[in-house]
Amino acid sequence: MQVLTVGNVFTGGVLLRILMLVYGLWQDAHMTVKYTDIDYHVFTDAARSVWMGGSPYERSTYRYTPLLAWLLTPNVWLHPVFGKCVFILCDCLVGWLIVRILAARKLSDYKCAVYSALWMLNPYVANISTRGSAESVVCACVMAVLYEVQQKRIARGSVLFGLAVHLKIYPIIYAVPLLVVLSDTNFGSSARNQTVSQQLLDRVISWFNVHRAMFFVISASVFFALNIAMYAVYGMEFVDETYVYHVSRKDHRHNYSMWFLPIYLQFYSPTSLLMGLVSFVPQALAVAVLGVSFNSDLYFAAFTQTFAFVAYNKVCTAQYFIWYMCILPVVWPYSKMGFVQASLVVGVWVLSQALYLQQAYKLEFLGQNTFEWLWVAGAGIFVANNWILSQVVAKQRVVSVFDAGKELKVKKAQ
């Protein structure tokens, strides 16, 4: 009897989340250090304001779309744990999409179970959603976009992409590989006998094909329709808190980013704003280069882009790691990395964060001045992440999402 099946993985994943949810309720009730993320209380307060006919932005530090506050209004009139249940359901939806994507890429049921376990049985992932972080909602939208495009359902993928970018602006980085993959070659147009000059002209013209036009028009329409609707209700406050804030954001709280200390030291100076804007330059370059370089493999392009985006971001917290963890299970099957090297990569990732958290503990709980060591640890995380990304790229077999099954058959035959 085979133990590791998709059904068992999902059963175990659901039970893990229920247990962590129940434990979190106990910890919140009996311990000084609370299990629930402070953001969850912000969501609930914003939902209460909406329920009472006000604005979610009446709650200071609410920097999200009003849709999230609307979604969580049952926290007020039904039960405070409702939102966490929504996030857990989105977690499970991501797991289901991972299985569907792997199956579409012609992996066996056993391998679908193995790789989906990286998400469903991952206590780190379960911890994020059961603490009340909303990242799983965006992750579900992102994975659904990639899956729908893989299935050549452009209209659905476009709608979901517009929604994903409205929920959080970072999925806009996937526009590059998504637009590239929507080529006539991938979507059924046949090549004709032409001269070299005619071929070059056709390549230029083909960039403006019907598939890309459809994706752009539908996704942009959904994005702007949602934004216009939110603006009509909440005005410039919505624009400032949801979008402008994140561009000009200056975070005085320590976080994994190596930009933290320089911005903190110049917090009340115009220089800090300039630093925040300058930090976008290497981040944008890295994300663009990766998106173009690996565009033929939509999932790997998205994974590397997200990993770089998080590593180079001027603010980096534990929740952000979920953004690329949800894509990892669908790219790992195509890695040539052996067990020893994979263990080393994971070990470096964990150790770099552990060293940072050691200094953060001394600062937060022991009251020691460890700001300089926090910056050193943050720089160490940045270096470690760049090394990890280089190792992942070096060992990856880049396979088009439309040729994945063919590639696996060739590998098996060899």
# chains A, B, ... in the order shown; residues from 1 in each chain; ligands from 1
>>> residues_around(residues="stretch 71-81 of chain A", least_positions_apart="5", cutoff="7 Å", atoms="only C-alpha atoms", output="mmCIF file with C-alpha atoms, in the first residue's frame")
data_model
loop_
_atom_site.group_PDB
_atom_site.id
_atom_site.type_symbol
_atom_site.label_atom_id
_atom_site.label_comp_id
_atom_site.auth_asym_id
_atom_site.auth_seq_id
_atom_site.Cartn_x
_atom_site.Cartn_y
_atom_site.Cartn_z
ATOM 1 C CA THR A 44 -9.975 42.722 11.475
ATOM 2 C CA ALA A 47 -13.089 44.965 8.360
ATOM 3 C CA ARG A 48 -14.911 46.355 11.403
ATOM 4 C CA TRP A 51 -18.846 46.779 8.409
#
>>> residues_around(residues="A:Tyr110", least_positions_apart="2", cutoff="12 Å", atoms="only C-alpha atoms", output="PDB file with C-alpha atoms, in the first residue's frame")
ATOM      1  CA  GLN A   2       1.439   3.356  -1.086  1.00  0.00           C
ATOM      2  CA  VAL A   3       1.501   5.867   1.760  1.00  0.00           C
ATOM      3  CA  LEU A   4       2.666   8.942  -0.122  1.00  0.00           C
ATOM      4  CA  THR A   5      -0.341   9.792  -2.275  1.00  0.00           C
ATOM      5  CA  VAL A   6      -1.881  13.121  -3.218  1.00  0.00           C
ATOM      6  CA  GLY A   7      -4.891  12.344  -1.021  1.00  0.00           C
ATOM      7  CA  ASN A   8      -2.727  11.564   1.993  1.00  0.00           C
ATOM      8  CA  VAL A   9      -0.597  14.651   1.444  1.00  0.00           C
ATOM      9  CA  VAL A  99      -0.875  19.110  -8.338  1.00  0.00           C
ATOM     10  CA  LEU A 102       2.527  18.936 -12.207  1.00  0.00           C
ATOM     11  CA  ALA A 103      -0.037  16.582 -13.728  1.00  0.00           C
ATOM     12  CA  LYS A 106       3.117  14.785 -17.203  1.00  0.00           C
ATOM     13  CA  LEU A 107       4.522  13.881 -13.797  1.00  0.00           C
ATOM     14  CA  SER A 108       3.330  10.655 -12.183  1.00  0.00           C
ATOM     15  CA  CYS A 112       2.794  14.945  -7.784  1.00  0.00           C
ATOM     16  CA  ALA A 113       2.402  13.818  -4.174  1.00  0.00           C
ATOM     17  CA  VAL A 114       6.123  14.257  -3.413  1.00  0.00           C
ATOM     18  CA  TYR A 115       6.429  17.759  -4.804  1.00  0.00           C
ATOM     19  CA  SER A 116       3.052  19.005  -3.547  1.00  0.00           C
ATOM     20  CA  ALA A 117       4.196  17.925  -0.066  1.00  0.00           C
TER      21      ALA A 117
END
>>> residues_around(residues="A:Trp119", least_positions_apart="5", cutoff="7 Å", atoms="only C-alpha atoms", output="list in words")
Gly95, Val125 and Cys326 of chain A
>>> closest_residue(among="A:Val33, A:Val292, A:Leu351, A:Ala286", to="A:Leu389", atoms="only C-alpha atoms")
A:Ala286
>>> closest_residue(among="A:Phe10, A:Trp96, A:Tyr23, A:Tyr356", to="A:Leu121", atoms="only C-alpha atoms")
A:Phe10
>>> decode(residues="stretch 280-325 of chain A", atoms="N, CA and C atoms", output="PDB file, in the first residue's frame")
ATOM      1  N   PHE A 280      15.176  50.391  -5.842  1.00  0.00           N
ATOM      2  CA  PHE A 280      14.386  49.760  -6.899  1.00  0.00           C
ATOM      3  C   PHE A 280      15.219  49.451  -8.150  1.00  0.00           C
ATOM      4  N   VAL A 281      16.317  50.176  -8.345  1.00  0.00           N
ATOM      5  CA  VAL A 281      17.093  50.042  -9.588  1.00  0.00           C
ATOM      6  C   VAL A 281      17.699  48.647  -9.731  1.00  0.00           C
ATOM      7  N   PRO A 282      18.544  48.174  -8.773  1.00  0.00           N
ATOM      8  CA  PRO A 282      19.082  46.812  -8.927  1.00  0.00           C
ATOM      9  C   PRO A 282      17.998  45.751  -8.895  1.00  0.00           C
ATOM     10  N   GLN A 283      16.943  45.994  -8.127  1.00  0.00           N
ATOM     11  CA  GLN A 283      15.845  45.044  -8.053  1.00  0.00           C
ATOM     12  C   GLN A 283      15.143  44.907  -9.407  1.00  0.00           C
ATOM     13  N   ALA A 284      14.845  46.047 -10.034  1.00  0.00           N
ATOM     14  CA  ALA A 284      14.163  46.035 -11.334  1.00  0.00           C
ATOM     15  C   ALA A 284      15.036  45.395 -12.406  1.00  0.00           C
ATOM     16  N   LEU A 285      16.335  45.689 -12.376  1.00  0.00           N
ATOM     17  CA  LEU A 285      17.250  45.113 -13.365  1.00  0.00           C
ATOM     18  C   LEU A 285      17.322  43.591 -13.228  1.00  0.00           C
ATOM     19  N   ALA A 286      17.467  43.120 -11.993  1.00  0.00           N
ATOM     20  CA  ALA A 286      17.562  41.677 -11.764  1.00  0.00           C
ATOM     21  C   ALA A 286      16.299  40.963 -12.203  1.00  0.00           C
ATOM     22  N   VAL A 287      15.163  41.519 -11.843  1.00  0.00           N
ATOM     23  CA  VAL A 287      13.872  40.903 -12.183  1.00  0.00           C
ATOM     24  C   VAL A 287      13.652  40.888 -13.700  1.00  0.00           C
ATOM     25  N   ALA A 288      13.997  41.986 -14.374  1.00  0.00           N
ATOM     26  CA  ALA A 288      13.806  42.071 -15.823  1.00  0.00           C
ATOM     27  C   ALA A 288      14.710  41.085 -16.558  1.00  0.00           C
ATOM     28  N   VAL A 289      15.977  41.027 -16.158  1.00  0.00           N
ATOM     29  CA  VAL A 289      16.939  40.130 -16.813  1.00  0.00           C
ATOM     30  C   VAL A 289      16.508  38.674 -16.652  1.00  0.00           C
ATOM     31  N   LEU A 290      16.093  38.300 -15.463  1.00  0.00           N
ATOM     32  CA  LEU A 290      15.665  36.920 -15.224  1.00  0.00           C
ATOM     33  C   LEU A 290      14.394  36.587 -16.001  1.00  0.00           C
ATOM     34  N   GLY A 291      13.472  37.536 -16.062  1.00  0.00           N
ATOM     35  CA  GLY A 291      12.231  37.307 -16.794  1.00  0.00           C
ATOM     36  C   GLY A 291      12.462  37.083 -18.276  1.00  0.00           C
ATOM     37  N   VAL A 292      13.408  37.829 -18.842  1.00  0.00           N
ATOM     38  CA  VAL A 292      13.734  37.686 -20.268  1.00  0.00           C
ATOM     39  C   VAL A 292      14.560  36.431 -20.512  1.00  0.00           C
ATOM     40  N   SER A 293      15.513  36.158 -19.630  1.00  0.00           N
ATOM     41  CA  SER A 293      16.438  35.041 -19.824  1.00  0.00           C
ATOM     42  C   SER A 293      15.746  33.687 -19.809  1.00  0.00           C
ATOM     43  N   PHE A 294      14.737  33.525 -18.952  1.00  0.00           N
ATOM     44  CA  PHE A 294      14.096  32.219 -18.793  1.00  0.00           C
ATOM     45  C   PHE A 294      12.638  32.229 -19.223  1.00  0.00           C
ATOM     46  N   ASN A 295      12.309  33.101 -20.176  1.00  0.00           N
ATOM     47  CA  ASN A 295      10.903  33.270 -20.560  1.00  0.00           C
ATOM     48  C   ASN A 295      10.277  32.017 -21.148  1.00  0.00           C
ATOM     49  N   SER A 296      11.085  31.127 -21.725  1.00  0.00           N
ATOM     50  CA  SER A 296      10.504  29.929 -22.332  1.00  0.00           C
ATOM     51  C   SER A 296       9.902  28.989 -21.287  1.00  0.00           C
ATOM     52  N   ASP A 297      10.462  29.026 -20.062  1.00  0.00           N
ATOM     53  CA  ASP A 297       9.920  28.236 -18.964  1.00  0.00           C
ATOM     54  C   ASP A 297       9.201  29.196 -18.021  1.00  0.00           C
ATOM     55  N   LEU A 298       7.912  29.335 -18.201  1.00  0.00           N
ATOM     56  CA  LEU A 298       7.124  30.328 -17.481  1.00  0.00           C
ATOM     57  C   LEU A 298       7.280  30.200 -15.970  1.00  0.00           C
ATOM     58  N   TYR A 299       7.256  28.965 -15.465  1.00  0.00           N
ATOM     59  CA  TYR A 299       7.322  28.754 -14.018  1.00  0.00           C
ATOM     60  C   TYR A 299       8.702  29.084 -13.460  1.00  0.00           C
ATOM     61  N   PHE A 300       9.741  28.676 -14.155  1.00  0.00           N
ATOM     62  CA  PHE A 300      11.091  28.964 -13.654  1.00  0.00           C
ATOM     63  C   PHE A 300      11.388  30.456 -13.734  1.00  0.00           C
ATOM     64  N   ALA A 301      10.935  31.096 -14.797  1.00  0.00           N
ATOM     65  CA  ALA A 301      11.097  32.550 -14.897  1.00  0.00           C
ATOM     66  C   ALA A 301      10.418  33.241 -13.723  1.00  0.00           C
ATOM     67  N   ALA A 302       9.183  32.825 -13.414  1.00  0.00           N
ATOM     68  CA  ALA A 302       8.432  33.426 -12.305  1.00  0.00           C
ATOM     69  C   ALA A 302       9.128  33.160 -10.970  1.00  0.00           C
ATOM     70  N   PHE A 303       9.654  31.949 -10.801  1.00  0.00           N
ATOM     71  CA  PHE A 303      10.334  31.611  -9.550  1.00  0.00           C
ATOM     72  C   PHE A 303      11.578  32.467  -9.347  1.00  0.00           C
ATOM     73  N   THR A 304      12.435  32.536 -10.360  1.00  0.00           N
ATOM     74  CA  THR A 304      13.674  33.310 -10.216  1.00  0.00           C
ATOM     75  C   THR A 304      13.378  34.799 -10.049  1.00  0.00           C
ATOM     76  N   GLN A 305      12.391  35.293 -10.774  1.00  0.00           N
ATOM     77  CA  GLN A 305      12.007  36.699 -10.626  1.00  0.00           C
ATOM     78  C   GLN A 305      11.561  36.995  -9.196  1.00  0.00           C
ATOM     79  N   THR A 306      10.722  36.131  -8.660  1.00  0.00           N
ATOM     80  CA  THR A 306      10.191  36.357  -7.319  1.00  0.00           C
ATOM     81  C   THR A 306      11.292  36.260  -6.273  1.00  0.00           C
ATOM     82  N   PHE A 307      12.167  35.267  -6.426  1.00  0.00           N
ATOM     83  CA  PHE A 307      13.277  35.091  -5.487  1.00  0.00           C
ATOM     84  C   PHE A 307      14.150  36.343  -5.480  1.00  0.00           C
ATOM     85  N   ALA A 308      14.472  36.856  -6.662  1.00  0.00           N
ATOM     86  CA  ALA A 308      15.303  38.062  -6.757  1.00  0.00           C
ATOM     87  C   ALA A 308      14.556  39.277  -6.229  1.00  0.00           C
ATOM     88  N   PHE A 309      13.278  39.376  -6.535  1.00  0.00           N
ATOM     89  CA  PHE A 309      12.475  40.507  -6.075  1.00  0.00           C
ATOM     90  C   PHE A 309      12.493  40.595  -4.553  1.00  0.00           C
ATOM     91  N   VAL A 310      12.313  39.462  -3.883  1.00  0.00           N
ATOM     92  CA  VAL A 310      12.306  39.425  -2.424  1.00  0.00           C
ATOM     93  C   VAL A 310      13.699  39.713  -1.871  1.00  0.00           C
ATOM     94  N   ALA A 311      14.722  39.100  -2.475  1.00  0.00           N
ATOM     95  CA  ALA A 311      16.093  39.281  -1.991  1.00  0.00           C
ATOM     96  C   ALA A 311      16.557  40.727  -2.101  1.00  0.00           C
ATOM     97  N   TYR A 312      16.139  41.427  -3.160  1.00  0.00           N
ATOM     98  CA  TYR A 312      16.597  42.790  -3.413  1.00  0.00           C
ATOM     99  C   TYR A 312      15.637  43.844  -2.857  1.00  0.00           C
ATOM    100  N   ASN A 313      14.512  43.427  -2.290  1.00  0.00           N
ATOM    101  CA  ASN A 313      13.519  44.394  -1.846  1.00  0.00           C
ATOM    102  C   ASN A 313      14.029  45.222  -0.660  1.00  0.00           C
ATOM    103  N   LYS A 314      13.589  46.466  -0.575  1.00  0.00           N
ATOM    104  CA  LYS A 314      14.052  47.345   0.505  1.00  0.00           C
ATOM    105  C   LYS A 314      13.430  46.989   1.837  1.00  0.00           C
ATOM    106  N   VAL A 315      12.335  46.213   1.812  1.00  0.00           N
ATOM    107  CA  VAL A 315      11.735  45.657   3.023  1.00  0.00           C
ATOM    108  C   VAL A 315      11.519  44.168   2.779  1.00  0.00           C
ATOM    109  N   CYS A 316      11.969  43.343   3.707  1.00  0.00           N
ATOM    110  CA  CYS A 316      11.845  41.898   3.521  1.00  0.00           C
ATOM    111  C   CYS A 316      11.466  41.248   4.848  1.00  0.00           C
ATOM    112  N   THR A 317      10.310  40.603   4.874  1.00  0.00           N
ATOM    113  CA  THR A 317       9.857  39.888   6.070  1.00  0.00           C
ATOM    114  C   THR A 317       9.610  38.423   5.726  1.00  0.00           C
ATOM    115  N   ALA A 318       9.373  37.619   6.759  1.00  0.00           N
ATOM    116  CA  ALA A 318       9.231  36.178   6.572  1.00  0.00           C
ATOM    117  C   ALA A 318       8.081  35.820   5.635  1.00  0.00           C
ATOM    118  N   GLN A 319       7.004  36.628   5.649  1.00  0.00           N
ATOM    119  CA  GLN A 319       5.853  36.319   4.795  1.00  0.00           C
ATOM    120  C   GLN A 319       6.209  36.362   3.315  1.00  0.00           C
ATOM    121  N   TYR A 320       7.172  37.200   2.949  1.00  0.00           N
ATOM    122  CA  TYR A 320       7.516  37.354   1.537  1.00  0.00           C
ATOM    123  C   TYR A 320       8.091  36.074   0.935  1.00  0.00           C
ATOM    124  N   PHE A 321       8.693  35.222   1.757  1.00  0.00           N
ATOM    125  CA  PHE A 321       9.287  33.984   1.241  1.00  0.00           C
ATOM    126  C   PHE A 321       8.225  33.074   0.630  1.00  0.00           C
ATOM    127  N   ILE A 322       6.986  33.223   1.107  1.00  0.00           N
ATOM    128  CA  ILE A 322       5.886  32.407   0.585  1.00  0.00           C
ATOM    129  C   ILE A 322       5.665  32.693  -0.893  1.00  0.00           C
ATOM    130  N   TRP A 323       5.991  33.896  -1.326  1.00  0.00           N
ATOM    131  CA  TRP A 323       5.754  34.274  -2.718  1.00  0.00           C
ATOM    132  C   TRP A 323       6.486  33.364  -3.691  1.00  0.00           C
ATOM    133  N   TYR A 324       7.707  32.944  -3.326  1.00  0.00           N
ATOM    134  CA  TYR A 324       8.412  32.038  -4.244  1.00  0.00           C
ATOM    135  C   TYR A 324       8.308  30.571  -3.818  1.00  0.00           C
ATOM    136  N   MET A 325       7.990  30.324  -2.557  1.00  0.00           N
ATOM    137  CA  MET A 325       7.817  28.943  -2.111  1.00  0.00           C
ATOM    138  C   MET A 325       6.666  28.250  -2.834  1.00  0.00           C
TER     139      MET A 325
END
